[in-house]
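Colleague: Next comes the structure file work-v2.cif, holding mmCIF, C-alpha atoms.
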```cif
data_query
loop_
_atom_site.label_atom_id
_atom_site.label_comp_id
_atom_site.auth_asym_id
_atom_site.auth_seq_id
_atom_site.Cartn_x
_atom_site.Cartn_y
_atom_site.Cartn_z
CA MET A 775 -53.22 -39.11 -38.39
CA ASN A 776 -52.64 -42.85 -38.69
CA PRO A 777 -54.86 -45.07 -40.84
CA ASN A 778 -57.60 -46.50 -38.62
CA PRO A 779 -57.39 -50.31 -38.52
CA LYS A 780 -61.17 -50.41 -37.99
CA ASP A 781 -61.92 -48.63 -41.27
CA ILE A 782 -62.96 -50.67 -44.29
CA PHE A 783 -61.17 -48.33 -46.67
CA PRO A 784 -58.15 -46.77 -44.91
CA ASN A 785 -57.78 -44.14 -47.63
CA PRO A 786 -61.25 -42.70 -48.42
CA ASN A 787 -59.97 -41.55 -51.80
CA LEU A 788 -58.83 -45.07 -52.74
CA LYS A 789 -61.65 -47.60 -52.48
CA ASP A 790 -59.59 -50.27 -54.27
CA ILE A 791 -57.74 -51.06 -51.02
CA CYS A 792 -59.71 -52.66 -48.17
CA TYR A 793 -58.73 -53.68 -44.65
CA ILE A 794 -60.36 -57.06 -44.98
CA LYS A 795 -60.64 -57.84 -41.27
CA ASN A 796 -63.51 -55.35 -41.23
CA VAL A 797 -65.62 -57.03 -43.93
CA ILE A 798 -65.19 -60.71 -43.02
CA LYS A 799 -68.37 -62.41 -41.81
CA ASN A 800 -67.24 -66.04 -41.60
CA PRO A 801 -65.91 -66.75 -38.08
CA ASN A 802 -63.55 -69.36 -39.55
CA ILE A 803 -61.68 -66.64 -41.45
CA ILE A 804 -59.38 -64.78 -39.06
CA VAL A 805 -57.42 -61.77 -40.35
CA GLY A 806 -55.04 -59.44 -38.53
CA ASP A 807 -55.06 -55.64 -38.43
CA TYR A 808 -53.86 -53.64 -41.44
CA THR A 809 -53.93 -56.59 -43.84
CA TYR A 810 -55.41 -55.39 -47.12
CA TYR A 811 -56.83 -56.77 -50.34
CA PHE A 812 -56.55 -54.82 -53.60
CA GLU A 813 -59.01 -55.17 -56.46
CA GLU A 814 -60.50 -52.43 -58.58
CA GLY A 815 -64.07 -51.84 -57.39
CA LYS A 816 -64.25 -55.13 -55.45
CA SER A 817 -61.69 -54.83 -52.69
CA ASP A 818 -64.36 -55.43 -50.04
CA LYS A 819 -65.32 -58.78 -51.63
CA PHE A 820 -62.29 -60.73 -50.39
CA GLU A 821 -64.47 -63.44 -48.85
CA GLU A 822 -65.59 -64.46 -52.35
CA HIS A 823 -62.01 -65.63 -52.94
CA VAL A 824 -62.14 -68.20 -50.14
CA THR A 825 -63.81 -71.20 -51.77
CA HIS A 826 -65.10 -74.61 -50.64
CA HIS A 827 -65.13 -73.41 -47.05
CA TYR A 828 -67.83 -75.46 -45.35
CA ASP A 829 -68.88 -75.26 -41.71
CA PHE A 830 -69.12 -79.04 -41.27
CA ILE A 831 -65.40 -79.39 -42.00
CA GLY A 832 -64.39 -76.65 -39.59
CA ASP A 833 -61.08 -75.65 -41.15
CA LYS A 834 -59.86 -72.10 -40.68
CA LEU A 835 -58.12 -69.54 -42.84
CA ILE A 836 -55.81 -67.53 -40.60
CA ILE A 837 -53.97 -64.49 -42.01
CA GLY A 838 -51.64 -62.32 -39.94
CA LYS A 839 -51.15 -58.56 -39.74
CA PHE A 840 -49.80 -56.16 -42.36
CA CYS A 841 -50.21 -58.57 -45.30
CA SER A 842 -50.55 -57.26 -48.86
CA ILE A 843 -52.88 -59.30 -51.07
CA ALA A 844 -53.22 -58.49 -54.76
CA LYS A 845 -56.30 -59.16 -56.87
CA GLY A 846 -57.03 -62.64 -58.11
CA ILE A 847 -56.11 -64.41 -54.88
CA GLU A 848 -57.83 -67.75 -54.36
CA PHE A 849 -57.73 -69.66 -51.10
CA ILE A 850 -59.07 -73.15 -51.79
CA MET A 851 -60.17 -74.76 -48.55
CA ASN A 852 -60.55 -78.40 -47.57
CA GLY A 853 -64.11 -78.72 -48.82
CA ALA A 854 -62.70 -78.98 -52.34
CA ASN A 855 -61.20 -82.39 -51.55
CA HIS A 856 -62.84 -85.57 -52.83
CA ARG A 857 -62.68 -89.06 -51.41
CA MET A 858 -59.70 -90.80 -53.04
CA LYS A 859 -59.75 -94.32 -51.58
CA CYS A 860 -62.77 -95.40 -53.62
CA ILE A 861 -62.86 -96.54 -57.24
CA SER A 862 -64.41 -93.21 -58.23
CA THR A 863 -63.71 -89.73 -56.90
CA TYR A 864 -67.09 -88.46 -58.16
CA PRO A 865 -69.33 -87.00 -55.38
CA PHE A 866 -72.58 -88.77 -56.28
CA TYR A 867 -74.17 -87.88 -52.94
CA ILE A 868 -74.33 -84.12 -53.62
CA MET A 869 -75.99 -84.37 -57.05
CA GLY A 870 -79.56 -84.92 -55.84
CA GLY A 871 -82.24 -87.14 -57.34
CA ASP A 872 -81.75 -90.85 -56.72
CA TRP A 873 -78.03 -90.15 -56.30
CA GLY A 874 -78.75 -87.98 -53.30
CA SER A 875 -79.18 -91.07 -51.14
CA ALA A 876 -75.64 -92.26 -51.86
CA LEU A 877 -73.43 -92.56 -48.82
CA ALA A 878 -71.62 -89.31 -48.04
CA PRO A 879 -68.06 -89.70 -46.80
CA HIS A 880 -67.10 -89.05 -43.21
CA THR A 881 -64.59 -86.27 -42.80
CA ASP A 882 -61.94 -88.82 -41.78
CA GLU A 883 -62.31 -90.38 -45.23
CA LEU A 884 -61.37 -87.12 -46.97
CA PRO A 885 -57.77 -86.01 -47.52
CA LEU A 886 -58.12 -83.02 -45.18
CA LYS A 887 -55.03 -80.87 -44.73
CA GLY A 888 -55.96 -78.76 -41.71
CA ASP A 889 -56.02 -74.99 -41.37
CA THR A 890 -54.47 -72.65 -43.92
CA VAL A 891 -52.18 -70.22 -42.13
CA VAL A 892 -50.50 -67.07 -43.50
CA GLY A 893 -48.00 -65.23 -41.32
CA ASN A 894 -47.48 -61.50 -40.93
CA ASP A 895 -46.13 -59.05 -43.52
CA VAL A 896 -46.67 -61.51 -46.39
CA TRP A 897 -46.99 -60.12 -49.91
CA PHE A 898 -49.05 -61.97 -52.53
CA GLY A 899 -48.69 -61.04 -56.19
CA GLN A 900 -51.66 -61.18 -58.56
CA ASN A 901 -53.60 -64.35 -59.30
CA VAL A 902 -52.10 -66.57 -56.61
CA THR A 903 -53.86 -69.81 -55.64
CA VAL A 904 -53.26 -71.27 -52.19
CA LEU A 905 -54.22 -74.91 -51.66
CA PRO A 906 -55.69 -76.34 -48.43
CA GLY A 907 -53.56 -76.65 -45.32
CA VAL A 908 -50.61 -74.60 -46.56
CA HIS A 909 -48.58 -72.55 -44.06
CA ILE A 910 -46.80 -69.43 -45.36
CA GLY A 911 -44.23 -67.91 -43.02
CA ASP A 912 -43.81 -64.32 -41.87
CA GLY A 913 -42.28 -61.95 -44.39
CA ALA A 914 -42.65 -64.28 -47.38
CA ILE A 915 -43.25 -63.02 -50.92
CA ILE A 916 -45.39 -65.11 -53.29
CA GLY A 917 -44.93 -64.33 -56.97
CA ALA A 918 -47.78 -63.64 -59.37
CA ASN A 919 -49.67 -66.59 -60.87
CA SER A 920 -48.23 -69.04 -58.33
CA VAL A 921 -49.99 -72.16 -57.06
CA VAL A 922 -48.92 -72.72 -53.46
CA SER A 923 -49.27 -76.39 -52.60
CA LYS A 924 -46.58 -76.72 -49.90
CA ASP A 925 -45.42 -74.71 -46.90
CA ILE A 926 -43.27 -71.64 -47.59
CA PRO A 927 -40.62 -70.70 -44.99
CA PRO A 928 -40.45 -67.21 -43.43
CA TYR A 929 -38.75 -64.46 -45.43
CA SER A 930 -38.59 -66.54 -48.61
CA ILE A 931 -39.36 -65.48 -52.16
CA ALA A 932 -41.38 -68.21 -53.84
CA ALA A 933 -43.02 -68.50 -57.25
CA GLY A 934 -44.28 -70.88 -59.89
CA ASN A 935 -46.67 -73.77 -60.37
CA PRO A 936 -46.04 -75.60 -58.19
CA CYS A 937 -44.71 -72.74 -56.06
CA ARG A 938 -41.08 -73.23 -55.06
CA VAL A 939 -38.68 -71.16 -53.01
CA VAL A 940 -36.49 -69.09 -55.32
CA LYS A 941 -34.27 -67.62 -52.61
CA LYS A 942 -34.22 -66.28 -49.08
CA ARG A 943 -34.82 -62.57 -48.74
CA PHE A 944 -32.06 -62.16 -46.14
CA ASP A 945 -29.29 -64.15 -44.51
CA ASP A 946 -30.11 -66.55 -41.68
CA GLU A 947 -29.04 -64.17 -38.92
CA MET A 948 -31.28 -61.39 -40.20
CA ILE A 949 -34.24 -63.76 -40.50
CA GLU A 950 -33.74 -65.01 -36.96
CA LEU A 951 -33.55 -61.44 -35.65
CA LEU A 952 -36.71 -60.40 -37.53
CA LEU A 953 -38.66 -63.41 -36.31
CA GLU A 954 -37.63 -62.64 -32.75
CA PHE A 955 -38.35 -58.91 -33.08
CA LYS A 956 -41.87 -59.36 -34.51
CA TRP A 957 -42.34 -55.70 -35.40
CA TRP A 958 -45.97 -56.30 -36.40
CA ASP A 959 -46.87 -57.09 -32.78
CA LYS A 960 -45.62 -53.74 -31.44
CA ASP A 961 -48.13 -51.07 -30.45
CA ILE A 962 -48.94 -48.56 -33.15
CA LYS A 963 -46.94 -45.76 -31.51
CA GLU A 964 -43.80 -47.87 -31.66
CA ILE A 965 -44.56 -48.98 -35.23
CA ASN A 966 -44.87 -45.32 -36.24
CA GLU A 967 -41.38 -44.72 -34.86
CA LEU A 968 -40.08 -47.83 -36.64
CA ILE A 969 -41.36 -46.92 -40.12
CA PRO A 970 -38.06 -45.30 -41.27
CA PHE A 971 -36.24 -48.36 -39.95
CA LEU A 972 -38.66 -50.75 -41.70
CA GLY A 973 -37.98 -48.95 -44.99
CA ASN A 974 -34.19 -48.77 -44.61
CA THR A 975 -32.39 -50.52 -47.49
CA ASN A 976 -29.04 -50.55 -45.67
CA LEU A 977 -29.31 -54.04 -44.25
CA ASP A 978 -26.12 -53.74 -42.20
CA GLU A 979 -27.65 -50.81 -40.36
CA VAL A 980 -30.93 -52.69 -39.93
CA LYS A 981 -29.17 -55.77 -38.56
CA ALA A 982 -27.11 -53.68 -36.14
CA LYS A 983 -30.21 -51.89 -34.85
CA LEU A 984 -32.08 -55.17 -34.46
CA ARG A 985 -29.23 -56.50 -32.33
CA ARG A 986 -29.40 -53.38 -30.16
CA LEU A 987 -33.17 -53.52 -29.83
CA LEU A 988 -33.01 -57.19 -28.89
CA ASN A 989 -29.99 -56.72 -26.59
CA LYS A 990 -27.91 -59.13 -28.63
#
```
Before anything else, please render the file you have as structure tokens.
Modeller:
Amino acid sequence: MNPNPKDIFPNPNLKDICYIKNVIKNPNIIVGDYTYYFEEGKSDKFEEHVTHHYDFIGDKLIIGKFCSIAKGIEFIMNGANHRMKCISTYPFYIMGGDWGSALAPHTDELPLKGDTVVGNDVWFGQNVTVLPGVHIGDGAIIGANSVVSKDIPPYSIAAGNPCRVVKKRFDDEMIELLLEFKWWDKDIKEINELIPFLGNTNLDEVKAKLRRLLNK
């Protein structure tokens, strides 16, 4: 029997892995099927790792299907940004007291970066921080302890602070074929049949089969 994408814990004997789509309450966090978060005893608390996410800003965190997210992830959203065109960056207006009457900035005065978007089949190592507005492509791998401040291309391995691309996972032809094939969008019956193919380490065979499947 396949794991049920509507279950919170796909393996009832392993509560440290959670399909996070099923525990998200914020409508501005959108997560695809089978994407999981791992943390001992707190895997269903993923939403606590999305910070400074305020309704009045309206930015979204969008994560695709079949992503693997290790513990310590931190998605910092646009609400963390301070006004930078003034003499001081200090947010007097949120401190209350007499300071509470200070003029709050309009959103167009803040350095807002837009939605944060993670593709499909992305793997995050432990303790990764993703800054506002970053786009991470399908199939990317983000190394442990990275701070992702810029977009990461599909099927890249990236790491560091600031996070930089270390290398491509595959050659350009393979990446183009994978992005066209989009295995994560197939129905579950077809994905079941593809699992041996998805785990095949003979990349020549994989590339040849992708060409056949795509009629190349």
Colleague: Using all atoms listed in the file, which of A:Asn989, A:Asn802, A:Thr863, A:Thr903 sits nearest Gly846 (chain A)?
Modeller: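 Between A:Asn989, A:Asn802, A:Thr863, A:Thr903, the residue approaching Gly846 (chain A) most closely is A:Thr903.
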Colleague: Which residues would end up in the selection if the PyMOL selection byres ((chain A and resi 953-961) around 8) were applied here, given that I need the answer as a ChimeraX atom specification?
Modeller: /A:839-840,894-895,912,949-952,962-965,984,988
Colleague: Once the PyMOL selection byres ((chain A and resi 800) around 12) has been evaluated on this model, what residues remain selected, and can you format them as an NGL selection string?
Modeller: :A and (794-799 or 801-805 or 820-822 or 824-825 or 827-829 or 832-836)
Colleague: Would you output that residue set with C-alpha atoms, as a PDB file, in the coordinates of the input?
Modeller:
```pdb
ATOM      1  CA  ILE A 794     -60.360 -57.060 -44.980  1.00  0.00           C
ATOM      2  CA  LYS A 795     -60.640 -57.840 -41.270  1.00  0.00           C
ATOM      3  CA  ASN A 796     -63.510 -55.350 -41.230  1.00  0.00           C
ATOM      4  CA  VAL A 797     -65.620 -57.030 -43.930  1.00  0.00           C
ATOM      5  CA  ILE A 798     -65.190 -60.710 -43.020  1.00  0.00           C
ATOM      6  CA  LYS A 799     -68.370 -62.410 -41.810  1.00  0.00           C
ATOM      7  CA  PRO A 801     -65.910 -66.750 -38.080  1.00  0.00           C
ATOM      8  CA  ASN A 802     -63.550 -69.360 -39.550  1.00  0.00           C
ATOM      9  CA  ILE A 803     -61.680 -66.640 -41.450  1.00  0.00           C
ATOM     10  CA  ILE A 804     -59.380 -64.780 -39.060  1.00  0.00           C
ATOM     11  CA  VAL A 805     -57.420 -61.770 -40.350  1.00  0.00           C
ATOM     12  CA  PHE A 820     -62.290 -60.730 -50.390  1.00  0.00           C
ATOM     13  CA  GLU A 821     -64.470 -63.440 -48.850  1.00  0.00           C
ATOM     14  CA  GLU A 822     -65.590 -64.460 -52.350  1.00  0.00           C
ATOM     15  CA  VAL A 824     -62.140 -68.200 -50.140  1.00  0.00           C
ATOM     16  CA  THR A 825     -63.810 -71.200 -51.770  1.00  0.00           C
ATOM     17  CA  HIS A 827     -65.130 -73.410 -47.050  1.00  0.00           C
ATOM     18  CA  TYR A 828     -67.830 -75.460 -45.350  1.00  0.00           C
ATOM     19  CA  ASP A 829     -68.880 -75.260 -41.710  1.00  0.00           C
ATOM     20  CA  GLY A 832     -64.390 -76.650 -39.590  1.00  0.00           C
ATOM     21  CA  ASP A 833     -61.080 -75.650 -41.150  1.00  0.00           C
ATOM     22  CA  LYS A 834     -59.860 -72.100 -40.680  1.00  0.00           C
ATOM     23  CA  LEU A 835     -58.120 -69.540 -42.840  1.00  0.00           C
ATOM     24  CA  ILE A 836     -55.810 -67.530 -40.600  1.00  0.00           C
TER      25      ILE A 836
END
```
Colleague: Which residues are near Cys937 (chain A)? Cut-off 12 Å, all atoms listed in the file, ignore same chain within fewer than 4 positions. Put them as a PyMOL selection string.
Modeller: chain A and resi 902-905+908+910+915-927+930-933
Colleague: For CA of Asp978 (chain A) and CA of Asp946 (chain A), quote the distance in Å rounded to one decimal.
Modeller: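 CA of Asp978 (chain A) sits 13.4 Å away from CA of Asp946 (chain A).
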Colleague: I'd like the interatomic distance between CA of Phe849 (chain A) and CA of Tyr867 (chain A), to a tenth of an Å.
Modeller: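 About the pair CA of Phe849 (chain A) and CA of Tyr867 (chain A): they are 24.6 Å apart.
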Colleague: From the options A:Asn776, A:Phe944, A:Lys990, A:Lys887, which residue's atoms come nearest to Leu977 (chain A), counting all atoms listed in the file?
Modeller: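 Counting all atoms listed in the file, the residue closest to Leu977 (chain A) is A:Phe944.
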Colleague: Give me the residues within 12 Å of Phe830 (chain A) as number ranges by chain, counting only C-alpha atoms and dropping any in the same chain fewer than 5 places off.
Modeller: A: 802, 852-853, 880-881
Colleague: Could you please determine the separation between CA of Tyr810 (chain A) and CA of Ala844 (chain A) in Å, to one decimal place?
Modeller: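 CA of Ala844 (chain A) lies 8.5 Å from CA of Tyr810 (chain A).
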